[in-house]
file target-v5.txt (compact mmCIF, C-alpha atoms and all ligand atoms)
# COMPACT_ATOMS: atom_id res chain seq x y z
CA MET A 140 3.51 -73.57 81.10
CA HIS A 141 6.60 -74.86 79.31
CA LEU A 142 9.78 -72.98 80.04
CA GLU A 143 13.18 -73.52 78.51
CA LEU A 144 16.61 -72.65 79.70
CA ASP A 145 18.62 -70.31 77.51
CA GLU A 146 21.94 -68.50 77.71
CA ARG A 147 21.39 -66.15 74.77
CA THR A 148 22.40 -62.89 76.31
CA ALA A 149 20.66 -60.41 73.98
CA SER A 150 17.00 -61.17 74.74
CA ALA A 151 17.71 -61.62 78.44
CA GLU A 152 19.56 -58.30 78.53
CA ALA A 153 16.53 -56.54 77.04
CA PHE A 154 14.32 -58.26 79.64
CA MET A 155 16.58 -57.30 82.56
CA ARG A 156 16.87 -53.72 81.28
CA ARG A 157 13.08 -53.44 81.05
CA ILE A 158 12.33 -54.80 84.52
CA LEU A 159 15.34 -53.62 86.50
CA ARG A 160 16.18 -50.30 84.81
CA ASP A 161 12.94 -49.04 83.26
CA ASP A 162 14.57 -49.62 79.87
CA ALA A 163 17.67 -47.54 80.66
CA PRO A 164 20.92 -49.20 79.50
CA LEU A 165 22.20 -52.00 81.72
CA ALA A 166 24.94 -53.68 79.65
CA PRO A 167 27.54 -50.85 80.01
CA GLU A 168 27.40 -51.31 83.79
CA TYR A 169 28.28 -55.01 83.57
CA PRO A 170 30.77 -55.50 80.72
CA LEU A 171 32.08 -58.81 82.06
CA VAL A 172 28.55 -60.26 81.70
CA PHE A 173 27.23 -58.58 78.55
CA ASP A 174 30.36 -57.99 76.43
CA SER A 175 31.02 -61.19 74.47
CA ARG A 176 34.79 -60.82 74.92
CA PHE A 177 34.38 -61.88 78.56
CA ASP A 178 33.22 -65.03 80.38
CA GLY A 179 30.06 -63.86 82.12
CA ARG A 180 26.60 -64.72 80.78
CA VAL A 181 22.94 -64.72 81.53
CA VAL A 182 20.84 -67.72 82.48
CA ALA A 183 17.22 -67.24 81.43
CA LEU A 184 13.95 -69.15 81.57
CA GLN A 185 11.90 -68.41 78.50
CA GLU A 186 8.53 -69.30 77.06
CA GLY A 187 9.14 -69.19 73.34
CA ASP A 188 11.07 -65.96 72.84
CA ALA A 189 9.68 -64.31 75.95
CA VAL A 190 12.03 -64.28 78.94
CA ARG A 191 10.21 -64.78 82.25
CA SER A 192 13.07 -64.98 84.74
CA ALA A 193 16.83 -64.45 84.48
CA CYS A 194 20.08 -63.80 86.30
CA ALA A 195 23.72 -63.02 85.47
CA ILE A 196 26.59 -65.39 86.32
CA LEU A 197 30.38 -65.09 86.21
CA ALA A 198 33.14 -67.39 87.51
CA ARG A 199 36.06 -65.58 89.17
CA ASP A 200 39.24 -66.47 91.03
CA PHE A 201 39.22 -65.04 94.56
CA VAL A 202 42.81 -64.16 95.47
CA THR A 203 43.86 -63.95 99.14
CA PRO A 204 47.28 -64.04 100.84
CA ASN A 205 46.43 -67.58 102.05
CA GLY A 206 45.35 -69.03 98.74
CA THR A 207 43.08 -68.63 95.71
CA ILE A 208 39.71 -70.29 95.20
CA THR A 209 37.32 -70.16 92.24
CA GLY A 210 33.84 -68.88 93.07
CA GLY A 211 30.85 -67.85 91.01
CA MET A 212 29.16 -64.49 91.15
CA ILE A 213 25.38 -64.35 90.71
CA GLY A 214 23.62 -61.03 90.10
CA SER A 215 20.51 -59.27 88.84
CA VAL A 216 18.16 -62.12 89.74
CA VAL A 217 14.78 -61.02 88.36
CA THR A 218 11.38 -62.42 87.42
CA ASP A 219 8.77 -60.66 85.26
CA PRO A 220 6.29 -59.08 87.75
CA GLU A 221 3.41 -60.93 85.99
CA TRP A 222 5.12 -64.26 86.62
CA ARG A 223 6.30 -63.88 90.22
CA SER A 224 5.58 -66.42 92.98
CA ASN A 225 5.58 -69.33 90.51
CA GLY A 226 8.95 -70.69 91.61
CA LEU A 227 10.82 -69.24 88.62
CA ALA A 228 13.56 -67.43 90.56
CA THR A 229 14.02 -70.58 92.64
CA ARG A 230 14.55 -72.51 89.39
CA ILE A 231 16.84 -69.92 87.84
CA LEU A 232 19.00 -69.98 90.95
CA VAL A 233 19.35 -73.78 90.72
CA GLU A 234 20.29 -73.47 87.03
CA ALA A 235 22.78 -70.67 87.75
CA GLU A 236 24.41 -72.74 90.50
CA ALA A 237 24.68 -75.80 88.22
CA ALA A 238 26.25 -73.72 85.41
CA LEU A 239 28.78 -72.20 87.82
CA GLN A 240 29.66 -75.63 89.18
CA VAL A 241 30.43 -76.76 85.61
CA ASP A 242 32.67 -73.68 85.36
CA GLY A 243 34.70 -75.05 88.31
CA CYS A 244 33.28 -72.87 91.10
CA GLY A 245 33.46 -74.14 94.67
CA PHE A 246 30.85 -71.64 95.86
CA ALA A 247 28.39 -69.00 94.66
CA LEU A 248 28.44 -65.43 95.98
CA LEU A 249 25.79 -62.73 95.67
CA TRP A 250 24.55 -59.49 97.24
CA ALA A 251 20.91 -59.21 98.19
CA GLU A 252 18.80 -56.36 99.42
CA GLU A 253 16.38 -58.92 100.81
CA PRO A 254 18.54 -61.79 102.11
CA GLY A 255 15.58 -63.95 103.25
CA PHE A 256 14.96 -65.44 99.79
CA TYR A 257 18.56 -66.68 99.62
CA LEU A 258 18.91 -67.66 103.29
CA ARG A 259 15.95 -70.00 102.73
CA ARG A 260 17.80 -71.52 99.77
CA GLY A 261 21.02 -72.58 101.48
CA TYR A 262 22.96 -69.31 101.41
CA GLY A 263 24.78 -67.90 104.44
CA PRO A 264 26.67 -64.69 105.29
CA VAL A 265 30.37 -64.65 104.36
CA GLY A 266 33.35 -62.34 104.25
CA ARG A 267 33.97 -58.90 105.70
CA GLU A 268 33.78 -55.35 104.44
CA VAL A 269 34.37 -52.06 106.27
CA ASP A 270 32.22 -49.07 105.29
CA PHE A 271 33.17 -45.54 106.32
CA VAL A 272 31.11 -42.38 106.18
CA LEU A 273 33.28 -39.50 104.94
CA SER A 274 31.89 -36.11 105.82
CA TYR A 275 32.77 -32.96 103.88
CA ASP A 276 33.80 -31.52 107.26
CA MET A 277 36.84 -33.82 107.14
CA VAL A 278 38.29 -32.16 104.06
CA GLU A 279 40.76 -29.91 105.92
CA SER A 280 42.14 -32.83 107.93
CA LEU A 281 42.92 -34.90 104.83
CA PRO A 282 46.16 -34.47 102.83
CA ALA A 283 46.04 -31.79 100.10
CA PRO A 284 45.12 -33.42 96.78
CA THR A 285 48.24 -32.27 94.91
CA GLY A 286 48.83 -34.26 91.74
CA VAL A 287 45.23 -35.56 91.71
CA ARG A 288 43.56 -35.42 88.29
CA ALA A 289 40.89 -37.22 86.27
CA MET A 290 41.92 -40.69 85.09
CA THR A 291 42.49 -40.98 81.34
CA ASP A 292 42.73 -44.02 79.09
CA ALA A 293 46.52 -43.63 79.14
CA ASP A 294 46.47 -44.38 82.92
CA ILE A 295 44.66 -47.69 82.69
CA ASP A 296 47.73 -49.97 82.57
CA ALA A 297 49.14 -48.23 85.64
CA VAL A 298 45.77 -48.49 87.40
CA HIS A 299 45.60 -52.20 86.60
CA ALA A 300 49.10 -52.67 88.04
CA LEU A 301 47.98 -50.92 91.25
CA TYR A 302 44.86 -53.12 91.39
CA THR A 303 46.97 -56.30 91.21
CA GLN A 304 48.94 -55.14 94.27
CA HIS A 305 45.89 -55.67 96.48
CA SER A 306 46.45 -58.74 98.67
CA VAL A 307 42.69 -59.52 98.49
CA ARG A 308 40.94 -59.20 95.14
CA LEU A 309 39.36 -61.05 92.24
CA ALA A 310 41.86 -61.95 89.54
CA ARG A 311 41.42 -59.65 86.53
CA THR A 312 43.11 -59.38 83.17
CA PRO A 313 44.20 -55.92 81.95
CA ASP A 314 41.34 -56.05 79.40
CA GLU A 315 38.82 -56.76 82.15
CA THR A 316 40.11 -53.79 84.18
CA ARG A 317 39.91 -51.58 81.08
CA ALA A 318 36.30 -52.61 80.40
CA LEU A 319 35.26 -52.18 84.06
CA LEU A 320 36.81 -48.71 84.26
CA ALA A 321 34.54 -47.64 81.39
CA CYS A 322 31.40 -48.19 83.52
CA PRO A 323 29.07 -45.18 83.24
CA GLN A 324 28.36 -42.60 85.94
CA MET A 325 31.69 -43.09 87.64
CA THR A 326 34.12 -40.41 88.85
CA ARG A 327 37.66 -41.69 88.31
CA PHE A 328 40.74 -39.99 89.76
CA VAL A 329 44.43 -40.80 89.86
CA ARG A 330 47.22 -39.27 91.92
CA GLU A 331 50.42 -38.67 90.03
CA ARG A 332 53.85 -38.09 91.53
CA ASP A 333 57.02 -37.49 89.50
CA GLY A 334 55.14 -38.52 86.37
CA GLU A 335 53.99 -41.83 87.87
CA VAL A 336 50.44 -42.85 88.82
CA VAL A 337 50.70 -43.84 92.50
CA ALA A 338 47.02 -44.22 93.47
CA TYR A 339 43.50 -44.25 91.98
CA SER A 340 39.86 -44.10 93.07
CA CYS A 341 36.46 -44.83 91.52
CA MET A 342 33.25 -43.30 92.88
CA GLY A 343 29.73 -44.19 91.73
CA ARG A 344 28.81 -46.92 89.30
CA GLY A 345 25.57 -46.91 87.40
CA LYS A 346 22.49 -46.94 89.55
CA ASP A 347 24.11 -48.91 92.35
CA LEU A 348 27.00 -47.62 94.40
CA ALA A 349 26.10 -43.96 93.89
CA ASP A 350 28.00 -41.76 96.35
CA ALA A 351 30.32 -44.66 97.24
CA ILE A 352 34.07 -44.78 96.65
CA HIS A 353 33.97 -48.50 96.01
CA GLU A 354 37.30 -49.16 94.38
CA TRP A 355 40.72 -47.64 94.94
CA GLY A 356 44.37 -48.61 95.03
CA GLY A 357 47.84 -47.35 95.88
CA ALA A 358 50.50 -48.35 98.38
CA GLY A 359 50.70 -44.99 100.15
CA VAL A 360 47.95 -44.35 102.72
CA ASP A 361 48.38 -40.58 102.28
CA ASP A 362 47.91 -40.95 98.52
CA VAL A 363 44.56 -42.68 99.03
CA LEU A 364 43.52 -40.13 101.67
CA ALA A 365 44.35 -37.30 99.23
CA LEU A 366 42.08 -38.98 96.69
CA LEU A 367 39.27 -39.15 99.26
CA ARG A 368 39.66 -35.40 99.78
CA ALA A 369 39.57 -34.82 96.02
CA ASN A 370 36.34 -36.84 95.78
CA LEU A 371 34.70 -34.88 98.63
CA GLU A 372 35.76 -31.58 97.08
CA HIS A 373 34.66 -32.61 93.61
CA ARG A 374 31.31 -33.87 94.85
CA PHE A 375 30.38 -31.03 97.16
CA SER A 376 32.41 -27.85 96.88
CA THR A 377 31.60 -27.16 93.24
CA GLU A 378 28.02 -28.33 93.42
CA THR A 379 25.34 -25.75 92.85
CA ALA A 380 22.26 -25.79 95.05
CA GLU A 381 20.25 -26.87 92.01
CA ASP A 382 22.50 -29.86 91.32
CA ALA A 383 22.33 -30.80 94.96
CA LEU A 384 18.55 -30.62 94.94
CA ALA A 385 18.39 -32.74 91.79
CA LYS A 386 20.42 -35.40 93.58
CA SER A 387 18.17 -35.09 96.66
CA ILE A 388 21.06 -33.82 98.73
CA ALA A 389 20.15 -30.80 100.79
CA PRO A 390 22.77 -28.02 100.65
CA ASP A 391 23.39 -28.58 104.32
CA ASP A 392 26.90 -29.42 105.57
CA ASP A 393 25.54 -32.22 107.75
CA LEU A 394 24.31 -34.07 104.69
CA ARG A 395 27.47 -33.73 102.63
CA PHE A 396 28.96 -37.19 102.89
CA LEU A 397 30.26 -40.05 100.79
CA PHE A 398 30.72 -43.71 101.59
CA PHE A 399 34.09 -45.43 101.40
CA MET A 400 34.36 -49.20 101.12
CA ALA A 401 37.46 -51.13 102.16
CA PRO A 402 38.61 -54.64 103.00
CA PRO A 403 39.67 -55.15 106.65
CA ALA A 404 43.12 -55.98 105.20
CA ALA A 405 43.60 -52.23 104.58
CA ARG A 406 44.35 -51.88 108.29
CA GLU A 407 46.53 -48.76 108.29
CA LEU A 408 44.12 -46.82 106.11
CA CYS A 409 41.15 -47.88 108.26
CA GLU A 410 42.99 -46.81 111.42
CA ARG A 411 43.82 -43.41 109.95
CA LEU A 412 40.17 -42.83 109.04
CA GLU A 413 39.05 -43.91 112.51
CA ASP A 414 41.58 -41.47 114.04
CA LEU A 415 40.06 -38.74 111.85
CA GLY A 416 36.67 -39.54 113.39
CA ALA A 417 35.02 -41.11 110.32
CA PRO A 418 32.17 -43.35 111.54
CA SER A 419 32.52 -46.93 110.29
CA SER A 420 30.66 -50.20 110.37
CA GLU A 421 31.70 -53.70 109.47
CA SER A 422 29.35 -55.90 107.50
CA MET A 423 29.40 -59.18 105.64
CA LEU A 424 30.75 -59.20 102.08
CA GLY A 425 27.73 -61.10 100.76
CA LEU A 426 25.77 -64.34 100.86
CA ALA A 427 27.36 -67.57 99.67
CA LYS A 428 26.54 -71.22 99.16
CA ILE A 429 28.83 -74.19 98.56
CA LEU A 430 28.36 -75.58 95.05
CA ASP A 431 31.06 -78.21 94.77
CA ARG A 432 32.23 -80.16 97.81
CA ASP A 433 35.28 -81.57 96.00
CA VAL A 434 36.57 -78.12 95.01
CA VAL A 435 36.07 -76.84 98.56
CA ALA A 436 37.57 -79.96 100.22
CA LYS A 437 40.66 -79.73 97.99
CA CYS A 438 41.13 -76.04 98.83
CA VAL A 439 40.78 -76.53 102.60
CA ASP A 440 42.90 -79.68 102.51
CA GLY A 441 45.67 -77.70 100.82
CA LEU A 442 45.49 -75.00 103.51
CA LEU A 443 45.85 -77.57 106.31
CA GLY A 444 49.19 -78.75 104.94
CA PRO A 445 50.60 -82.19 105.80
CA ARG A 446 49.16 -82.15 109.37
CA GLY A 447 45.53 -82.52 108.39
CA THR A 448 43.21 -83.77 105.66
CA VAL A 449 39.76 -82.89 104.36
CA GLU A 450 37.65 -85.30 102.34
CA ALA A 451 34.32 -84.61 100.68
CA LEU A 452 31.63 -87.15 101.61
CA ASP A 453 29.01 -87.61 98.91
CA GLY A 454 27.70 -91.04 99.86
CA ALA A 455 24.15 -92.20 100.56
CA THR A 456 24.77 -92.23 104.32
CA ALA A 457 26.87 -89.10 104.80
CA ARG A 458 27.08 -85.81 102.93
CA GLY A 459 29.55 -83.17 103.92
CA TYR A 460 33.19 -83.38 104.90
CA SER A 461 35.49 -85.42 107.08
CA VAL A 462 38.19 -83.23 108.63
CA ARG A 463 41.13 -85.06 110.25
CA GLY A 464 43.98 -83.75 112.37
CA PRO A 465 46.58 -85.27 114.74
CA LYS A 466 44.05 -85.31 117.60
CA GLY A 467 40.99 -86.71 115.84
CA GLU A 468 38.31 -86.44 113.17
CA ALA A 469 35.20 -84.25 112.83
CA LEU A 470 32.27 -84.42 110.41
CA VAL A 471 31.17 -81.06 109.03
CA ASP A 472 28.09 -80.19 106.97
CA ASP A 473 27.94 -77.59 104.17
CA GLU A 474 26.83 -74.81 106.51
CA GLY A 475 29.79 -75.49 108.81
CA MET A 476 32.22 -75.70 105.90
CA LEU A 477 30.97 -72.38 104.49
CA ALA A 478 31.79 -70.75 107.84
CA ILE A 479 35.20 -72.47 107.91
CA LEU A 480 36.05 -71.46 104.35
CA LEU A 481 34.66 -67.92 104.08
CA GLY A 482 32.96 -67.13 107.39
CA VAL A 483 32.20 -63.68 108.73
CA ASP A 484 34.46 -62.23 111.42
CA ALA A 485 32.18 -63.37 114.25
CA VAL A 486 32.95 -67.05 113.57
CA SER A 487 36.73 -66.82 113.11
CA GLY A 488 37.34 -67.61 116.82
CA ASP A 489 35.07 -70.67 116.58
CA VAL A 490 36.91 -71.83 113.44
CA ALA A 491 40.24 -71.56 115.27
CA SER A 492 38.89 -73.56 118.27
CA PHE A 493 37.43 -76.20 115.92
CA PHE A 494 40.83 -76.78 114.30
CA GLY A 495 42.61 -76.49 117.67
CA GLU A 496 40.58 -79.43 119.05
CA LEU A 497 41.75 -81.52 116.09
CA GLY A 498 45.36 -80.57 116.88
CA LEU A 499 45.55 -78.13 113.96
CA ASN A 500 46.77 -74.73 115.13
CA ASP A 501 47.35 -71.55 113.12
CA VAL A 502 45.20 -72.64 110.18
CA ALA A 503 44.80 -69.75 107.71
CA LEU A 504 40.99 -69.93 107.60
CA PRO A 505 38.46 -68.47 106.98
CA LEU A 506 39.91 -67.09 103.74
CA PRO A 507 39.68 -63.27 103.80
CA VAL A 508 37.98 -63.06 100.39
CA PHE A 509 37.06 -59.59 99.13
CA ALA A 510 35.49 -58.26 95.94
CA TRP A 511 35.95 -54.61 94.93
CA GLY A 512 33.03 -52.50 93.76
CA LEU A 513 33.75 -52.94 90.06
CA ASP A 514 33.40 -56.71 90.45
CA SER A 515 29.73 -56.78 91.44
CA ILE A 516 27.35 -58.15 88.84
C1 LIG B 601 12.82 -61.65 94.22
C2 LIG B 601 12.27 -62.23 92.92
C3 LIG B 601 13.46 -62.50 91.98
C4 LIG B 601 11.55 -63.55 93.21
O1 LIG B 601 11.12 -64.10 91.97
P1 LIG B 601 9.97 -65.24 91.89
O2 LIG B 601 10.09 -65.88 90.54
O3 LIG B 601 8.69 -64.66 92.28
O4 LIG B 601 10.49 -66.24 93.01
P2 LIG B 601 9.90 -67.63 93.43
O5 LIG B 601 8.52 -67.78 92.86
O6 LIG B 601 10.89 -68.67 93.15
O7 LIG B 601 9.81 -67.49 94.96
C5 LIG B 601 9.02 -66.45 95.47
C6 LIG B 601 9.79 -65.84 96.58
O8 LIG B 601 9.84 -64.44 96.43
C7 LIG B 601 9.35 -63.83 97.62
N1 LIG B 601 8.67 -62.65 97.16
C8 LIG B 601 7.40 -62.53 96.74
N2 LIG B 601 7.18 -61.27 96.36
C9 LIG B 601 8.33 -60.58 96.51
C10 LIG B 601 8.72 -59.25 96.29
N3 LIG B 601 7.87 -58.34 95.84
N4 LIG B 601 10.01 -58.90 96.55
C11 LIG B 601 10.87 -59.81 97.02
N5 LIG B 601 10.55 -61.09 97.27
C12 LIG B 601 9.29 -61.47 97.02
C13 LIG B 601 8.48 -64.86 98.26
O9 LIG B 601 8.45 -64.64 99.64
C14 LIG B 601 9.15 -66.15 97.90
O10 LIG B 601 10.19 -66.48 98.77
P3 LIG B 601 10.07 -67.75 99.75
O11 LIG B 601 9.60 -68.92 98.90
O12 LIG B 601 11.43 -67.96 100.29
O13 LIG B 601 9.07 -67.33 100.77
C15 LIG B 601 11.25 -61.28 92.25
O14 LIG B 601 10.36 -60.85 93.23
C16 LIG B 601 11.88 -60.06 91.59
O15 LIG B 601 12.21 -60.10 90.40
N6 LIG B 601 12.06 -58.97 92.36
C17 LIG B 601 12.62 -57.74 91.81
C18 LIG B 601 14.09 -57.85 91.56
C19 LIG B 601 14.88 -58.19 92.78
O16 LIG B 601 14.65 -57.67 93.85
N7 LIG B 601 15.88 -59.06 92.58
C20 LIG B 601 16.80 -59.43 93.59
C21 LIG B 601 18.13 -58.91 93.15
S1 LIG B 601 19.41 -59.74 94.00

call {"tool": "encode", "arguments": {"input": "target-v5.txt", "output": "structure tokens"}}
result
Amino acid sequence: MHLELDERTASAEAFMRRILRDDAPLAPEYPLVFDSRFDGRVVALQEGDAVRSACAILARDFVTPNGTITGGMIGSVVTDPEWRSNGLATRILVEAEAALQVDGCGFALLWAEEPGFYLRRGYGPVGREVDFVLSYDMVESLPAPTGVRAMTDADIDAVHALYTQHSVRLARTPDETRALLACPQMTRFVRERDGEVVAYSCMGRGKDLADAIHEWGGAGVDDVLALLRANLEHRFSTETAEDALAKSIAPDDDLRFLFFMAPPAARELCERLEDLGAPSSESMLGLAKILDRDVVAKCVDGLLGPRGTVEALDGATARGYSVRGPKGEALVDDEGMLAILLGVDAVSGDVASFFGELGLNDVALPLPVFAWGLDSI
């Protein structure tokens, strides 16, 4: 079998739609990949004109209060069922990683329902996300949703401005925000006060993220809580039993709940929801793999300041990184550096001790990277 690599989006989009969506539209859900105005694209392995395996890729800048690093998103990895277990997804992943490296990405990030495939290919858990369960029972304890209304196109500049106030986010242009807010099957609300949009929320997005409030913004915690109430009321109090049945939700109060996703940086909001009794769990943000040691070494070196240095080692005898501080030097491999750069919460104490032993205290690592729901591809 002779397979060629292609980045023509149209045939790959038809292929992905067929396999992943039963031919239902896919492109409107992922405008940054499929709309030619934006940088995302598809990597596909084809035999003649027939696509056999493909995935979507998109380079993004991950903004945190400690610094910004460029990473590559990978999504919708898929092989034609007739062609599975021939190593095609393994190959497409290698091609996707190489293309993202050319785009300047230090690491690749993806979400996976079945992590094993990626864990066996050099990926590891990174980042943190807090997920709350919001029950309809909570409605009365949330602020009244005065001034909450459906988002219109006229609100989008204000919504983009609120998005850019997040301390952890992916950098977006106003046009990217506009395109993402047009994703189908999404309930979009804003809260307005004195003629000004002060908060917004997005619930649902295509097939994924149904029943999840996955993106929101606004400086006032009460404004966001009022939006959560509006979403619960919109979703459940007006729903007829028939609608509920169609969505497989029994008209039973116990089953009337939504999910709410937040970065741990939204501390005050998370504490308020915990005080209100909303169950929560913390999970990883996704799976990541280092793609470019130089990009990563430069980023970490910059975060250490003048006290320490990081150098990428790409020689025949040593691959990885040399980390130096006032008290000594340590050699780190890619797995260790991934934990240092983006690690999950469980390793942050180990990262601090690692730097402490080198005489480097108060290092702002791991970076608290976070991607909002509209950024998934
Ligand atoms: C997961 C998937 C992309 C693998 O494609 P592939 O071309 O068969 O992959 P490869 O031949 O390179 O490797 C086969 C791997 O898939 C695993 N696999 C086989 N059947 C599978 C299945 N039905 N579902 C998931 N993984 C499967 C094998 O265990 C093997 O992994 P391993 O080598 O680490 O043990 C393919 O099964 C698929 O398209 N699944 C549906 C879409 C999907 O779940 N995509 C993931 C979205 S992030």

call {"tool": "closest_residue", "arguments": {"input": "target-v5.txt", "among": "A:Ile208, A:Ala405, A:Val336, A:Leu513", "to": "Thr316 in chain A", "atoms": "all atoms listed in the file"}}
result
A:Leu513

call {"tool": "residues_around", "arguments": {"input": "target-v5.txt", "residues": "Gly286 in chain A", "least_positions_apart": "3", "cutoff": "9 Å", "atoms": "only C-alpha atoms", "output": "PyMOL selection string"}}
result
chain A and resi 329-332

call {"tool": "atom_distance", "arguments": {"input": "target-v5.txt", "atom1": "CA of Gly454 in chain A", "atom2": "CA of Leu258 in chain A"}}
result
25.2 Å

call {"tool": "residues_around", "arguments": {"input": "target-v5.txt", "residues": "Leu371 in chain A", "least_positions_apart": "5", "cutoff": "12 Å", "atoms": "only C-alpha atoms", "output": "PyMOL selection string"}}
result
chain A and resi 272-279+281+283-284+326+328+340+342+350-352+364-366+376-378+392+395-399

call {"tool": "residues_near_ligand", "arguments": {"input": "target-v5.txt", "ligand": "ligand LIG 601 (chain B)", "cutoff": "12 Å", "atoms": "all atoms listed in the file", "output": "PyMOL selection string"}}
result
chain A and resi 154-160+183-184+190-196+212-233+248-262+347+425-426+515-516

call {"tool": "closest_residue", "arguments": {"input": "target-v5.txt", "among": "A:Asp178, A:Cys341, A:Arg411, A:Asp472", "to": "Glu354 in chain A", "atoms": "all atoms listed in the file"}}
result
A:Cys341

call {"tool": "closest_residue", "arguments": {"input": "target-v5.txt", "among": "A:Leu319, A:Val269, A:Ala510, A:Ala151", "to": "Glu168 in chain A", "atoms": "all atoms listed in the file"}}
result
A:Leu319

call {"tool": "closest_residue", "arguments": {"input": "target-v5.txt", "among": "A:Arg374, A:Arg288, A:Lys437, A:His305", "to": "Leu480 in chain A", "atoms": "all atoms listed in the file"}}
result
A:Lys437

call {"tool": "residues_around", "arguments": {"input": "target-v5.txt", "residues": "Val202 in chain A", "least_positions_apart": "6", "cutoff": "12 Å", "atoms": "all atoms listed in the file", "output": "JSON, numbers by chain"}}
result
{"A": [208, 209, 210, 302, 303, 304, 305, 306, 307, 308, 309, 310, 311, 506, 507, 508, 509, 510, 511]}

call {"tool": "closest_residue", "arguments": {"input": "target-v5.txt", "among": "A:Tyr460, A:Tyr339, A:Phe493, A:Phe246", "to": "Val298 in chain A", "atoms": "all atoms listed in the file"}}
result
A:Tyr339

call {"tool": "build_atoms", "arguments": {"input": "target-v5.txt", "residues": "range 166-183 of chain A", "atoms": "N, CA and C atoms", "output": "compact mmCIF listing (two decimals), keeping the file's coordinate frame"}}
result
# COMPACT_ATOMS: atom_id res chain seq x y z
N ALA A 166 23.72 -52.98 80.07
CA ALA A 166 24.94 -53.68 79.65
C ALA A 166 26.23 -52.90 79.94
N PRO A 167 26.27 -51.56 79.75
CA PRO A 167 27.54 -50.85 80.01
C PRO A 167 28.00 -50.95 81.46
N GLU A 168 27.04 -51.19 82.38
CA GLU A 168 27.40 -51.31 83.79
C GLU A 168 28.08 -52.65 84.09
N TYR A 169 27.79 -53.66 83.28
CA TYR A 169 28.28 -55.01 83.57
C TYR A 169 28.97 -55.61 82.35
N PRO A 170 30.11 -55.02 81.94
CA PRO A 170 30.77 -55.50 80.72
C PRO A 170 31.21 -56.96 80.80
N LEU A 171 31.58 -57.43 81.99
CA LEU A 171 32.08 -58.81 82.06
C LEU A 171 30.96 -59.83 81.84
N VAL A 172 29.70 -59.37 81.96
CA VAL A 172 28.55 -60.26 81.70
C VAL A 172 28.06 -60.08 80.26
N PHE A 173 27.94 -58.83 79.81
CA PHE A 173 27.23 -58.58 78.55
C PHE A 173 28.15 -58.36 77.34
N ASP A 174 29.44 -58.16 77.56
CA ASP A 174 30.36 -57.99 76.43
C ASP A 174 30.91 -59.39 76.09
N SER A 175 30.71 -59.80 74.84
CA SER A 175 31.02 -61.19 74.47
C SER A 175 32.51 -61.53 74.56
N ARG A 176 33.36 -60.53 74.76
CA ARG A 176 34.79 -60.82 74.92
C ARG A 176 35.06 -61.50 76.27
N PHE A 177 34.12 -61.39 77.20
CA PHE A 177 34.38 -61.88 78.56
C PHE A 177 33.51 -63.10 78.89
N ASP A 178 33.79 -63.70 80.09
CA ASP A 178 33.22 -65.03 80.38
C ASP A 178 31.81 -65.02 80.98
N GLY A 179 31.36 -63.87 81.45
CA GLY A 179 30.06 -63.86 82.12
C GLY A 179 28.93 -64.10 81.14
N ARG A 180 27.76 -64.51 81.66
CA ARG A 180 26.60 -64.72 80.78
C ARG A 180 25.33 -64.66 81.60
N VAL A 181 24.24 -64.78 80.87
CA VAL A 181 22.94 -64.72 81.53
C VAL A 181 22.27 -66.08 81.42
N VAL A 182 21.65 -66.51 82.51
CA VAL A 182 20.84 -67.72 82.48
C VAL A 182 19.39 -67.25 82.48
N ALA A 183 18.59 -67.74 81.52
CA ALA A 183 17.22 -67.24 81.43
C ALA A 183 16.23 -68.38 81.24
